[in-house]
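Undergrad: data.cif is reproduced below (mmCIF, C-alpha atoms).
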```cif
data_work
loop_
_atom_site.label_atom_id
_atom_site.label_comp_id
_atom_site.auth_asym_id
_atom_site.auth_seq_id
_atom_site.Cartn_x
_atom_site.Cartn_y
_atom_site.Cartn_z
CA MET A 292 -34.08 2.79 -27.83
CA GLU A 293 -32.26 -0.53 -28.27
CA LEU A 294 -32.42 -3.55 -25.96
CA THR A 295 -28.70 -3.64 -25.28
CA PRO A 296 -27.06 -6.30 -23.05
CA GLU A 297 -26.82 -3.67 -20.30
CA ILE A 298 -30.56 -3.02 -20.45
CA PHE A 299 -31.46 -6.70 -20.68
CA ALA A 300 -29.25 -7.34 -17.60
CA LEU A 301 -31.82 -5.34 -15.59
CA ARG A 302 -34.43 -8.03 -16.20
CA PRO A 303 -34.00 -9.78 -12.78
CA TYR A 304 -34.30 -6.41 -11.04
CA LEU A 305 -37.49 -5.54 -12.93
CA PHE A 306 -38.95 -9.00 -12.39
CA SER A 307 -38.19 -8.77 -8.67
CA ILE A 308 -40.02 -5.45 -8.39
CA SER A 309 -43.02 -6.75 -10.32
CA TYR A 310 -43.25 -10.14 -8.62
CA ASN A 311 -42.81 -8.73 -5.13
CA MET A 312 -45.48 -6.14 -5.89
CA LEU A 313 -48.00 -8.64 -7.29
CA GLY A 314 -47.13 -12.03 -5.80
CA MET A 315 -47.82 -13.54 -9.23
CA VAL A 316 -45.08 -14.95 -11.47
CA GLU A 317 -46.69 -14.87 -14.91
CA GLU A 318 -48.17 -11.41 -14.32
CA ALA A 319 -44.72 -10.16 -13.31
CA GLU A 320 -43.16 -11.64 -16.45
CA ASP A 321 -45.81 -9.90 -18.56
CA ILE A 322 -45.01 -6.58 -16.92
CA VAL A 323 -41.29 -6.99 -17.61
CA GLN A 324 -42.06 -7.70 -21.25
CA ASP A 325 -44.23 -4.60 -21.39
CA VAL A 326 -41.47 -2.53 -19.75
CA PHE A 327 -39.00 -3.57 -22.45
CA GLU A 328 -41.51 -2.78 -25.20
CA LYS A 329 -41.96 0.71 -23.76
CA TRP A 330 -38.17 1.10 -23.62
CA MET A 331 -37.85 0.37 -27.34
CA SER A 332 -40.33 3.14 -28.13
CA ALA A 333 -38.76 5.65 -25.72
CA ALA A 334 -36.81 8.71 -26.81
CA GLU A 335 -33.93 10.10 -24.77
CA VAL A 336 -33.58 8.64 -21.24
CA ARG A 337 -31.22 10.07 -18.61
CA ASP A 338 -31.26 7.18 -16.10
CA ALA A 339 -32.25 3.88 -17.70
CA LYS A 340 -32.54 1.89 -14.47
CA ALA A 341 -34.79 4.45 -12.77
CA TYR A 342 -36.87 4.87 -15.93
CA LEU A 343 -37.50 1.14 -16.29
CA ALA A 344 -38.15 0.69 -12.57
CA ARG A 345 -40.69 3.52 -12.66
CA ILE A 346 -42.61 1.77 -15.44
CA ALA A 347 -42.48 -1.56 -13.57
CA VAL A 348 -43.78 0.04 -10.35
CA ASN A 349 -46.55 1.98 -12.12
CA GLN A 350 -47.64 -1.06 -14.13
CA SER A 351 -47.68 -3.19 -10.98
CA ILE A 352 -49.74 -0.63 -9.05
CA ASN A 353 -52.21 -0.38 -11.92
CA ARG A 354 -52.49 -4.16 -12.07
CA LEU A 355 -52.99 -4.42 -8.29
CA ASN A 356 -55.84 -1.95 -8.52
CA GLU A 357 -57.38 -3.98 -11.35
CA LEU A 358 -57.06 -7.19 -9.34
CA ARG A 359 -58.56 -5.76 -6.13
CA LYS A 360 -62.11 -6.94 -6.81
CA THR A 361 -60.92 -10.34 -8.02
CA ARG A 362 -59.00 -10.88 -4.81
CA GLU A 363 -61.91 -9.66 -2.70
CA ASN A 364 -64.06 -12.37 -4.31
CA TYR A 365 -61.37 -15.05 -4.05
CA VAL A 366 -62.57 -18.26 -2.37
CA GLY A 367 -60.79 -18.55 0.99
CA MET A 368 -57.37 -17.10 1.77
CA TRP A 369 -55.30 -15.56 -1.04
CA LEU A 370 -51.58 -16.42 -0.76
CA PRO A 371 -48.86 -15.23 -3.14
CA GLU A 372 -47.76 -17.62 -5.86
CA PRO A 373 -44.59 -19.34 -4.60
CA TYR A 374 -41.47 -19.18 -6.78
CA ILE A 375 -40.57 -22.89 -6.67
CA THR A 376 -37.09 -24.10 -7.67
CA LEU A 377 -35.20 -27.37 -7.21
CA GLU A 378 -31.90 -25.81 -6.18
CA PRO A 379 -31.06 -23.06 -3.65
CA GLU A 380 -30.25 -20.72 -6.51
CA PRO A 381 -30.48 -17.01 -5.84
CA VAL A 382 -33.89 -15.90 -7.07
CA PRO A 383 -35.01 -12.30 -7.48
CA THR A 384 -37.59 -12.22 -4.71
CA LEU A 385 -38.27 -11.65 -1.04
CA GLU A 386 -38.51 -14.73 1.17
CA TYR A 387 -42.00 -16.19 1.03
CA GLY A 388 -42.96 -15.34 4.61
CA MET A 389 -42.21 -11.66 4.01
CA LEU A 390 -43.96 -11.70 0.64
CA PHE A 391 -47.04 -13.05 2.41
CA LEU A 392 -46.91 -10.20 4.94
CA LEU A 393 -46.73 -7.59 2.18
CA GLU A 394 -50.41 -8.29 1.49
CA ARG A 395 -51.08 -6.03 4.50
CA LEU A 396 -49.70 -3.00 2.64
CA ASN A 397 -51.33 -0.72 0.10
CA PRO A 398 -49.60 -0.49 -3.32
CA ASN A 399 -47.55 2.65 -2.55
CA GLU A 400 -46.37 1.27 0.80
CA ARG A 401 -45.47 -1.96 -0.90
CA ALA A 402 -43.46 -0.23 -3.62
CA VAL A 403 -41.49 1.90 -1.17
CA PHE A 404 -40.83 -1.06 1.12
CA ILE A 405 -39.56 -3.25 -1.73
CA LEU A 406 -37.29 -0.57 -3.16
CA ARG A 407 -35.84 0.34 0.23
CA GLU A 408 -35.58 -3.02 1.98
CA SER A 409 -34.90 -5.29 -1.01
CA PHE A 410 -32.58 -3.04 -2.99
CA SER A 411 -31.39 -0.47 -0.43
CA GLU A 412 -32.39 2.36 -2.75
CA GLU A 413 -31.85 5.88 -1.44
CA TYR A 414 -34.97 7.90 -0.73
CA THR A 415 -34.13 10.27 -3.58
CA SER A 416 -34.08 7.30 -5.98
CA ILE A 417 -37.30 5.88 -4.54
CA ALA A 418 -38.92 9.29 -4.97
CA GLU A 419 -37.82 9.43 -8.61
CA ILE A 420 -39.14 5.90 -9.28
CA THR A 421 -42.47 6.30 -7.49
CA GLY A 422 -43.17 9.96 -8.28
CA LEU A 423 -43.60 10.68 -4.55
CA SER A 424 -41.56 13.06 -2.43
CA ALA A 425 -38.63 11.68 -0.45
CA GLU A 426 -40.34 12.69 2.81
CA ASN A 427 -43.53 10.93 1.77
CA CYS A 428 -41.48 7.81 1.01
CA ARG A 429 -39.99 7.89 4.51
CA GLN A 430 -43.47 8.16 6.02
CA LEU A 431 -44.77 5.31 3.87
CA LEU A 432 -41.86 3.07 4.91
CA HIS A 433 -42.47 3.85 8.58
CA ARG A 434 -46.15 3.01 8.15
CA ALA A 435 -45.26 -0.21 6.34
CA HIS A 436 -43.00 -1.29 9.21
CA GLU A 437 -45.81 -0.71 11.67
CA LYS A 438 -48.24 -2.78 9.61
CA LEU A 439 -45.80 -5.63 9.10
CA GLY A 440 -44.53 -5.88 12.63
CA ARG A 441 -41.06 -6.57 11.25
CA SER A 442 -39.04 -4.93 8.51
CA LYS A 443 -36.55 -7.62 7.53
CA PRO A 444 -36.73 -11.31 6.63
CA LEU A 445 -36.14 -13.53 9.64
CA GLN A 446 -32.51 -14.63 9.77
CA VAL A 447 -32.94 -18.40 9.93
CA ASP A 448 -30.22 -20.80 8.81
CA PRO A 449 -31.48 -22.65 5.70
CA GLU A 450 -30.33 -26.02 7.03
CA LYS A 451 -32.21 -25.44 10.26
CA GLN A 452 -35.32 -24.42 8.33
CA ARG A 453 -35.00 -27.59 6.25
CA ALA A 454 -34.57 -29.70 9.39
CA PHE A 455 -37.65 -28.19 11.03
CA THR A 456 -39.67 -28.68 7.84
CA ILE A 457 -38.76 -32.37 7.75
CA ALA A 458 -39.39 -32.77 11.49
CA PHE A 459 -42.81 -31.14 11.18
CA LEU A 460 -43.88 -33.24 8.19
CA THR A 461 -42.60 -36.44 9.84
CA ALA A 462 -44.49 -35.69 13.05
CA LEU A 463 -47.63 -34.80 11.12
CA HIS A 464 -47.48 -37.94 9.00
CA GLY A 465 -47.00 -40.02 12.15
CA GLN A 466 -49.73 -38.09 14.00
CA ASP A 467 -47.20 -37.49 16.78
CA ARG A 468 -49.08 -34.97 18.92
CA SER A 469 -46.27 -34.71 21.45
CA GLU A 470 -43.67 -33.82 18.81
CA LEU A 471 -46.03 -31.35 17.13
CA ASP A 472 -46.59 -29.68 20.52
CA HIS A 473 -42.81 -29.34 20.80
CA LEU A 474 -42.27 -27.96 17.28
CA LEU A 475 -45.16 -25.50 17.02
CA ARG A 476 -45.40 -22.21 18.88
CA LYS A 477 -48.41 -21.75 21.14
CA ASP A 478 -49.59 -18.84 18.99
CA ILE A 479 -48.94 -20.67 15.70
CA GLU A 480 -50.70 -19.32 12.58
CA LEU A 481 -51.88 -21.38 9.61
CA TYR A 482 -52.92 -20.05 6.21
CA SER A 483 -53.95 -22.24 3.28
CA ASP A 484 -54.94 -21.35 -0.27
CA GLY A 485 -57.07 -23.70 -2.35
CA GLY A 486 -58.59 -21.01 -4.54
CA GLY A 487 -61.92 -22.83 -4.57
CA LYS A 488 -60.29 -25.56 -6.68
CA ARG A 489 -59.01 -27.74 -3.85
CA ALA A 490 -60.04 -28.14 -0.24
CA ALA A 491 -58.36 -25.75 2.19
CA ALA A 492 -59.15 -23.86 5.37
CA LEU A 493 -61.26 -20.90 4.25
CA LYS A 494 -60.01 -18.70 7.09
CA ALA A 495 -56.74 -18.26 8.91
CA LEU A 496 -56.30 -20.46 11.97
CA PHE A 497 -54.66 -19.09 15.13
CA GLY A 498 -53.40 -20.93 18.20
CA LEU A 499 -52.01 -24.40 18.79
CA ASP A 500 -55.31 -26.12 19.58
CA LYS A 501 -57.12 -24.94 16.42
CA VAL A 502 -54.12 -25.58 14.17
CA LEU A 503 -53.52 -29.07 15.54
CA LYS A 504 -57.20 -29.95 15.26
CA PHE A 505 -57.11 -28.96 11.59
CA LEU A 506 -53.81 -30.70 10.81
CA LEU A 507 -54.64 -33.95 12.57
CA GLY A 508 -58.08 -33.90 10.95
CA VAL A 509 -56.39 -33.80 7.54
CA THR A 510 -54.33 -36.89 8.42
CA GLN A 511 -57.57 -38.79 9.02
CA LEU A 512 -58.78 -38.32 5.45
CA PRO A 513 -58.88 -41.63 3.53
CA GLU A 514 -56.14 -40.69 1.06
CA ALA A 515 -53.84 -39.62 3.91
CA ARG A 516 -54.50 -42.73 6.00
CA GLU A 517 -53.79 -44.95 3.01
CA ASN A 518 -50.39 -43.28 2.59
CA HIS A 519 -51.09 -41.98 -0.91
CA PHE A 520 -48.81 -38.97 -0.45
CA GLU A 521 -45.09 -38.28 -0.40
CA TYR A 522 -43.03 -35.15 0.25
CA ARG A 523 -40.20 -33.82 -1.89
CA ALA A 524 -37.75 -31.13 -0.83
CA VAL A 525 -37.69 -27.94 -2.91
CA TYR A 526 -36.96 -24.25 -2.47
CA VAL A 527 -39.60 -21.54 -2.36
CA ASN A 528 -38.33 -18.02 -3.01
CA GLY A 529 -34.84 -19.35 -2.32
CA ARG A 530 -35.70 -20.93 1.06
CA PRO A 531 -36.26 -24.62 1.97
CA ALA A 532 -39.82 -25.88 1.59
CA ALA A 533 -41.65 -29.05 0.54
CA LEU A 534 -44.06 -30.22 -2.12
CA LEU A 535 -46.69 -32.88 -1.44
CA PHE A 536 -47.38 -35.33 -4.29
CA ASN A 537 -50.04 -38.00 -4.72
CA ARG A 538 -48.16 -41.30 -5.14
CA THR A 539 -50.92 -42.85 -7.24
CA THR A 540 -51.54 -40.03 -9.73
CA GLU A 541 -48.13 -38.29 -9.34
CA GLN A 542 -50.14 -35.07 -9.17
CA LEU A 543 -48.70 -32.15 -7.24
CA ASP A 544 -51.06 -31.60 -4.33
CA SER A 545 -49.62 -28.64 -2.40
CA MET A 546 -46.67 -26.48 -1.38
CA GLN A 547 -45.91 -26.47 2.32
CA TYR A 548 -43.81 -23.68 3.81
CA VAL A 549 -42.64 -23.57 7.42
CA GLU A 550 -41.69 -20.23 8.93
CA MET A 551 -39.57 -20.23 12.08
CA GLU A 552 -38.88 -17.85 14.91
CA ASN A 553 -36.84 -18.49 18.08
CA GLU A 554 -36.39 -22.24 17.44
CA GLU A 555 -40.11 -22.83 16.94
CA ILE A 556 -42.45 -22.94 13.97
CA SER A 557 -44.42 -19.70 14.06
CA ARG A 558 -46.38 -19.82 10.78
CA LEU A 559 -47.50 -22.47 8.28
CA LEU A 560 -48.28 -21.47 4.70
CA PHE A 561 -49.90 -24.07 2.44
CA VAL A 562 -50.76 -23.48 -1.23
CA ARG A 563 -53.08 -26.03 -2.91
CA ASN A 564 -54.46 -23.91 -5.74
CA PRO A 565 -53.07 -25.77 -8.81
CA ASP A 566 -52.80 -22.51 -10.75
CA LYS A 567 -50.07 -21.40 -8.35
CA LEU A 568 -48.00 -24.60 -8.32
CA THR A 569 -45.47 -24.28 -11.16
CA ILE A 570 -41.99 -25.72 -10.66
CA ARG A 571 -39.04 -23.89 -12.25
CA GLY A 572 -37.06 -26.97 -13.31
CA LYS A 573 -37.69 -30.69 -13.73
CA LEU A 574 -38.16 -33.15 -10.88
CA ASN A 575 -36.29 -36.44 -11.19
#
```
Any chance you could put this one into structure tokens?

TA:
Amino acid sequence: MELTPEIFALRPYLFSISYNMLGMVEEAEDIVQDVFEKWMSAAEVRDAKAYLARIAVNQSINRLNELRKTRENYVGMWLPEPYITLEPEPVPTLEYGMLFLLERLNPNERAVFILRESFSEEYTSIAEITGLSAENCRQLLHRAHEKLGRSKPLQVDPEKQRAFTIAFLTALHGQDRSELDHLLRKDIELYSDGGGKRAAALKALFGLDKVLKFLLGVTQLPEARENHFEYRAVYVNGRPAALLFNRTTEQLDSMQYVEMENEEISRLLFVRNPDKLTIRGKLN
């Protein structure tokens, strides 16, 4: 089969499936390449989109199973690789907070959830793509909703999310305990991923007291006290976020993502593992 413009136009769709399944950009790109190679060696295909999606889902599930032991042995918390861009361009991915929650699902639940909630696929189409029955797909989606606690991305205005991100980082930099108390929810959650390559909390932190103790402790580190860092606004999975850079070395230190709910910050997601900090574009 030929790679026609119509087939190649499905690339964002296939990348979205693969990336949302794996939470890894380069791995997702490899799967899309493999999908297209399999297409070129295919014979007659009735429904090209469903055929290609089926390969992407199956390849992603196989890769997740291969990565299971690696992730079990990962140092500290494993967070998905953020899709970092400089502009609020539409990117083929779930918002980062939802992508993080998908780690609670098994591969089949994850596939059904992505196809249904990201692309509004009918259950008959999901069944054809996954090889499961339509009824089984309904049951898997119901189970996924129960595990996630919510089925849709939180509807937060991007400008408000940007404003809260700036307010949080300003208060943290100034060690303003009163303002941090105001911004953060009492049951705030913090997750950080250093991958054993940079310092990070090895376990999730829950509750305002524990989170503030950790955050304010970080501000007491010599490099933080000497004002060696600066923040730059970016977008992660199409939503406002921030990158922290070392002023002296110009090295990218971390991605910092603020998740909001009911006018408060409900979850903080920090990625410090340098292997996961690739920017799609060029900073000025």

Undergrad: If you apply the PyMOL selection byres ((chain A and resi 487) around 10) to this file, what residues do you get, as a list in words?

TA: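 Applying the PyMOL selection byres ((chain A and resi 487) around 10) to the structure shown produces Tyr365, Val366, Gly367, Met368, Asp484, Gly485, Gly486, Lys488, Arg489, Ala490, Ala491, Leu493, Arg563 and Asn564 of chain A.
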
Undergrad: Could you list, as a list of chain:residue names, every residue within 7 Å of stretch 526-536 of chain A, counting all atoms listed in the file and ignoring same-chain residues fewer than 5 positions away?

TA: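 Non-adjacent residues within range: A:Pro373, A:Tyr374, A:Ile375, A:Thr376, A:Leu377, A:Glu378, A:Pro379, A:Glu380, A:Pro381, A:Val382, A:Thr384, A:Leu385, A:Glu386, A:Tyr387, A:Pro449, A:Gln452, A:Arg453, A:Thr456, A:Phe520, A:Glu521, A:Glu541, A:Gln542, A:Leu543, A:Asp544, A:Ser545, A:Met546, A:Gln547, A:Tyr548, A:Val549.
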
Undergrad: Give the answer as one residue: which of A:Leu512, A:Ala344, A:Leu431, A:Leu406 has the shortest atom-to-atom distance to A:Asp325, using all atoms listed in the file?

TA: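 Residue with the minimum atom-to-atom distance to A:Asp325: A:Ala344.
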
Undergrad: Could you jot down the atom CA of A:Ala495 to atom CA of A:Leu481 separation for me, Å, one decimal place?

TA: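 These two atoms are separated by 5.8 Å.
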
Undergrad: List every protein, DNA or RNA residue that has an atom no more than 12 Å from (-45.8, -33.0, 19.2) in the file's coordinate frame, counting all atoms listed in the file, and report them as a ChimeraX atom specification.

TA: /A:458-477,499-500,503,506-507,555-556

Undergrad: With C-alpha atoms retained, write the just-selected residues as a PDB file, keeping the file's coordinate frame.

TA:
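part25.pdb was written with the following content:
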```pdb
ATOM      1  CA  ALA A 458     -39.390 -32.770  11.490  1.00  0.00           C
ATOM      2  CA  PHE A 459     -42.810 -31.140  11.180  1.00  0.00           C
ATOM      3  CA  LEU A 460     -43.880 -33.240   8.190  1.00  0.00           C
ATOM      4  CA  THR A 461     -42.600 -36.440   9.840  1.00  0.00           C
ATOM      5  CA  ALA A 462     -44.490 -35.690  13.050  1.00  0.00           C
ATOM      6  CA  LEU A 463     -47.630 -34.800  11.120  1.00  0.00           C
ATOM      7  CA  HIS A 464     -47.480 -37.940   9.000  1.00  0.00           C
ATOM      8  CA  GLY A 465     -47.000 -40.020  12.150  1.00  0.00           C
ATOM      9  CA  GLN A 466     -49.730 -38.090  14.000  1.00  0.00           C
ATOM     10  CA  ASP A 467     -47.200 -37.490  16.780  1.00  0.00           C
ATOM     11  CA  ARG A 468     -49.080 -34.970  18.920  1.00  0.00           C
ATOM     12  CA  SER A 469     -46.270 -34.710  21.450  1.00  0.00           C
ATOM     13  CA  GLU A 470     -43.670 -33.820  18.810  1.00  0.00           C
ATOM     14  CA  LEU A 471     -46.030 -31.350  17.130  1.00  0.00           C
ATOM     15  CA  ASP A 472     -46.590 -29.680  20.520  1.00  0.00           C
ATOM     16  CA  HIS A 473     -42.810 -29.340  20.800  1.00  0.00           C
ATOM     17  CA  LEU A 474     -42.270 -27.960  17.280  1.00  0.00           C
ATOM     18  CA  LEU A 475     -45.160 -25.500  17.020  1.00  0.00           C
ATOM     19  CA  ARG A 476     -45.400 -22.210  18.880  1.00  0.00           C
ATOM     20  CA  LYS A 477     -48.410 -21.750  21.140  1.00  0.00           C
ATOM     21  CA  LEU A 499     -52.010 -24.400  18.790  1.00  0.00           C
ATOM     22  CA  ASP A 500     -55.310 -26.120  19.580  1.00  0.00           C
ATOM     23  CA  LEU A 503     -53.520 -29.070  15.540  1.00  0.00           C
ATOM     24  CA  LEU A 506     -53.810 -30.700  10.810  1.00  0.00           C
ATOM     25  CA  LEU A 507     -54.640 -33.950  12.570  1.00  0.00           C
ATOM     26  CA  GLU A 555     -40.110 -22.830  16.940  1.00  0.00           C
ATOM     27  CA  ILE A 556     -42.450 -22.940  13.970  1.00  0.00           C
TER      28      ILE A 556
END
```

Undergrad: With distances taken over only C-alpha atoms, which residue among A:Asp321, A:Glu419, A:Glu372, A:Asp448 lies nearest A:Tyr342?

TA: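 Nearest to A:Tyr342: A:Glu419.
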
Undergrad: I'd like to know which of A:Asp478, A:Glu320, A:Glu412, A:Glu552 is closest to A:Leu305, using only C-alpha atoms.

TA: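 Ranking A:Asp478, A:Glu320, A:Glu412, A:Glu552 by distance to A:Leu305, first place goes to A:Glu320.
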
Undergrad: Can you translate the PyMOL selection byres ((chain A and resi 329-331) around 12) into the concrete residues it hits in this file, as a VMD selection string?

TA: chain A and resid 292 to 295 298 to 299 322 to 328 332 to 336 338 to 347 350

Undergrad: Given all atoms listed in the file as the basis, pick out the residue of A:Ser409, A:Thr421, A:Asn311, A:Asn349 nearest to A:Leu393.

TA: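 Among the listed residues, A:Asn311 lies closest to A:Leu393.
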
Undergrad: Go through A:Arg362, A:Arg523, A:Lys451, A:Arg558 and flag the residue nearest A:Gly498, using all atoms listed in the file for the distances.

TA: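 Ranked by minimum distance to A:Gly498, first place goes to A:Arg558.
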
Undergrad: Work out how far apart atom CA of A:Pro371 and atom CA of A:Leu313 are and give it in Å to one decimal.

TA: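 So the two atoms, atom CA of A:Pro371 and atom CA of A:Leu313, lie 7.8 Å apart.
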
Undergrad: Box in all listed atoms of stretch 295-300 of chain A, axis-aligned, with 8 Å more on each side; write out centre and edge lengths in Å to one decimal as JSON.

TA:
```
{"center_x": -29.1, "center_y": -5.2, "center_z": -21.4, "size_x": 20.6, "size_y": 20.3, "size_z": 23.7}
```
